[in-house]
Amino acid sequence: MVSRSLVFLLLVAVSSAKVFDRCEWAKVLKRAGMDGYRGVSLADWVCLSQRESNYNTDATNHNSDGSTDYGIFQINSRYWCDDGTSSANGCNIHCNELLGDNVYVAINCARRVVRDPNGISAWVAWRKHCQGQDLSSYLSGCGV
């Protein structure tokens with residue numbers, strides 16, 4: 001019998017990173033029902049993703065507090081996923097599931113994050129670079 005951890009590691013190993021272009025990512029988010037989800041516009045999601053990961057599904061960032069941000073949305077391990085350190089694991093997933101080309105895991109976790117009282121403001125990059133800005137350029141020419 002193969003252990004669950006071995007199966008998980010094998011699945012992670014075959015997962016591959018993807019770097020989306022802006023319009024391709026906007027279309028994925030639109031199809032996933034993210035436009036207007038919890039009052040967050042599609043342009044806000046695209047801006048957030050560009051500022052956090054440059055649309056890279058394999059992006060990671062190690063923070064000074066010991067936590068790590070994972071994936072296209074740079075979801076933090078301290079609150080939202082389990083990376084083997086102490087975590088609230090609000091999305092009930094292993095952090096490595098946020099990496100690779102299955103973006104629907106990351107999208108579902110981002111949905112969970114915005115249901116929290118902080119909403120999209122949980123992302124510092126959104127507050128610094130997207131909030132209150134004209135974001136029309138993020139969807140320009142995308143046909144969404």
# chains A, B, ... in the order shown; residues from 1 in each chain; ligands from 1

call {"tool": "closest_atom_pairs", "arguments": {"of": "segment 20-73 of chain A", "to": "segment 107-130 of chain A", "cutoff": "12 Å", "atoms": "only C-alpha atoms", "output": "JSON lines"}}
result
{"residue": "A:Trp25", "atom": "CA", "partner": "A:Ile107", "partner_atom": "CA", "distance": 11.4}
{"residue": "A:Val28", "atom": "CA", "partner": "A:Ile107", "partner_atom": "CA", "distance": 9.7}
{"residue": "A:Leu29", "atom": "CA", "partner": "A:Ile107", "partner_atom": "CA", "distance": 7.9}
{"residue": "A:Lys30", "atom": "CA", "partner": "A:Ile107", "partner_atom": "CA", "distance": 11.1}
{"residue": "A:Arg31", "atom": "CA", "partner": "A:Ile107", "partner_atom": "CA", "distance": 11.2}
{"residue": "A:Ala32", "atom": "CA", "partner": "A:Ile107", "partner_atom": "CA", "distance": 7.8}
{"residue": "A:Gly33", "atom": "CA", "partner": "A:Ile107", "partner_atom": "CA", "distance": 9.7}
{"residue": "A:Met34", "atom": "CA", "partner": "A:Arg111", "partner_atom": "CA", "distance": 8.2}
{"residue": "A:Asp35", "atom": "CA", "partner": "A:Arg111", "partner_atom": "CA", "distance": 11.3}
{"residue": "A:Gly36", "atom": "CA", "partner": "A:Arg111", "partner_atom": "CA", "distance": 11.2}
{"residue": "A:Tyr37", "atom": "CA", "partner": "A:Arg111", "partner_atom": "CA", "distance": 7.7}
{"residue": "A:Arg38", "atom": "CA", "partner": "A:Val114", "partner_atom": "CA", "distance": 7.0}
{"residue": "A:Gly39", "atom": "CA", "partner": "A:Gly119", "partner_atom": "CA", "distance": 9.3}
{"residue": "A:Val40", "atom": "CA", "partner": "A:Ile120", "partner_atom": "CA", "distance": 7.4}
{"residue": "A:Ser41", "atom": "CA", "partner": "A:Ile120", "partner_atom": "CA", "distance": 10.4}
{"residue": "A:Leu42", "atom": "CA", "partner": "A:Cys130", "partner_atom": "CA", "distance": 11.8}
{"residue": "A:Ala43", "atom": "CA", "partner": "A:Cys130", "partner_atom": "CA", "distance": 8.9}
{"residue": "A:Asp44", "atom": "CA", "partner": "A:Cys130", "partner_atom": "CA", "distance": 6.6}
{"residue": "A:Trp45", "atom": "CA", "partner": "A:Trp126", "partner_atom": "CA", "distance": 8.7}
{"residue": "A:Val46", "atom": "CA", "partner": "A:Cys130", "partner_atom": "CA", "distance": 9.5}
{"residue": "A:Cys47", "atom": "CA", "partner": "A:Cys130", "partner_atom": "CA", "distance": 6.2}
{"residue": "A:Leu48", "atom": "CA", "partner": "A:Trp126", "partner_atom": "CA", "distance": 5.2}
{"residue": "A:Ser49", "atom": "CA", "partner": "A:Trp126", "partner_atom": "CA", "distance": 8.7}
{"residue": "A:Gln50", "atom": "CA", "partner": "A:Ala125", "partner_atom": "CA", "distance": 9.4}
{"residue": "A:Arg51", "atom": "CA", "partner": "A:Ala125", "partner_atom": "CA", "distance": 6.1}
{"residue": "A:Glu52", "atom": "CA", "partner": "A:Ala125", "partner_atom": "CA", "distance": 6.2}
{"residue": "A:Ser53", "atom": "CA", "partner": "A:Ala125", "partner_atom": "CA", "distance": 10.0}
{"residue": "A:Asn54", "atom": "CA", "partner": "A:Ala125", "partner_atom": "CA", "distance": 11.6}
{"residue": "A:Thr57", "atom": "CA", "partner": "A:Ile107", "partner_atom": "CA", "distance": 11.1}
{"residue": "A:Asp69", "atom": "CA", "partner": "A:Trp123", "partner_atom": "CA", "distance": 10.7}
{"residue": "A:Tyr70", "atom": "CA", "partner": "A:Cys109", "partner_atom": "CA", "distance": 11.1}
{"residue": "A:Gly71", "atom": "CA", "partner": "A:Ile107", "partner_atom": "CA", "distance": 10.2}
{"residue": "A:Ile72", "atom": "CA", "partner": "A:Ile107", "partner_atom": "CA", "distance": 9.0}
{"residue": "A:Phe73", "atom": "CA", "partner": "A:Ala110", "partner_atom": "CA", "distance": 7.2}

call {"tool": "residues_around", "arguments": {"residues": "Ser77 of chain A", "least_positions_apart": "4", "cutoff": "9 Å", "atoms": "only C-alpha atoms", "output": "VMD selection string"}}
result
chain A and resid 67 to 70 81 to 83 85 to 89 94 to 95

call {"tool": "closest_residue", "arguments": {"among": "A:Asn76, A:Asn92, A:Asn61, A:Asn102", "to": "Ala17 of chain A", "atoms": "only C-alpha atoms"}}
result
A:Asn102

call {"tool": "select_by_dssp", "arguments": {"residues": "chain A", "states": "strand (DSSP E or B)", "output": "list in words"}}
result
Val19, Tyr37, Val40, Asn56, Thr60, Asn61, His62, Thr68, Asp69, Tyr70, Ile75, Asn76, Asp82 and His94 of chain A

call {"tool": "closest_residue", "arguments": {"among": "A:Asp58, A:Val144, A:Asp134, A:Cys23", "to": "Leu98 of chain A", "atoms": "only C-alpha atoms"}}
result
A:Asp58

call {"tool": "select_by_dssp", "arguments": {"residues": "chain A", "states": "helix (DSSP H, G or I)", "output": "ChimeraX atom specification"}}
result
/A:4-14,22-31,42-53,95-98,103-115,119-122,124-129,136-138

call {"tool": "atom_distance", "arguments": {"atom1": "atom CA of Gly132 of chain A", "atom2": "atom CA of Glu24 of chain A"}}
result
24.0 Å

call {"tool": "closest_residue", "arguments": {"among": "A:Gly84, A:Ala26, A:Gly66, A:Glu97", "to": "Gly143 of chain A", "atoms": "only C-alpha atoms"}}
result
A:Ala26

call {"tool": "atom_distance", "arguments": {"atom1": "atom CA of His62 of chain A", "atom2": "atom CA of Tyr138 of chain A"}}
result
26.9 Å

call {"tool": "closest_residue", "arguments": {"among": "A:Ala59, A:Cys91, A:Cys142, A:Val103", "to": "Tyr79 of chain A", "atoms": "only C-alpha atoms"}}
result
A:Cys91

call {"tool": "atom_distance", "arguments": {"atom1": "atom CA of Gln133 of chain A", "atom2": "atom CA of Asp101 of chain A"}}
result
29.2 Å
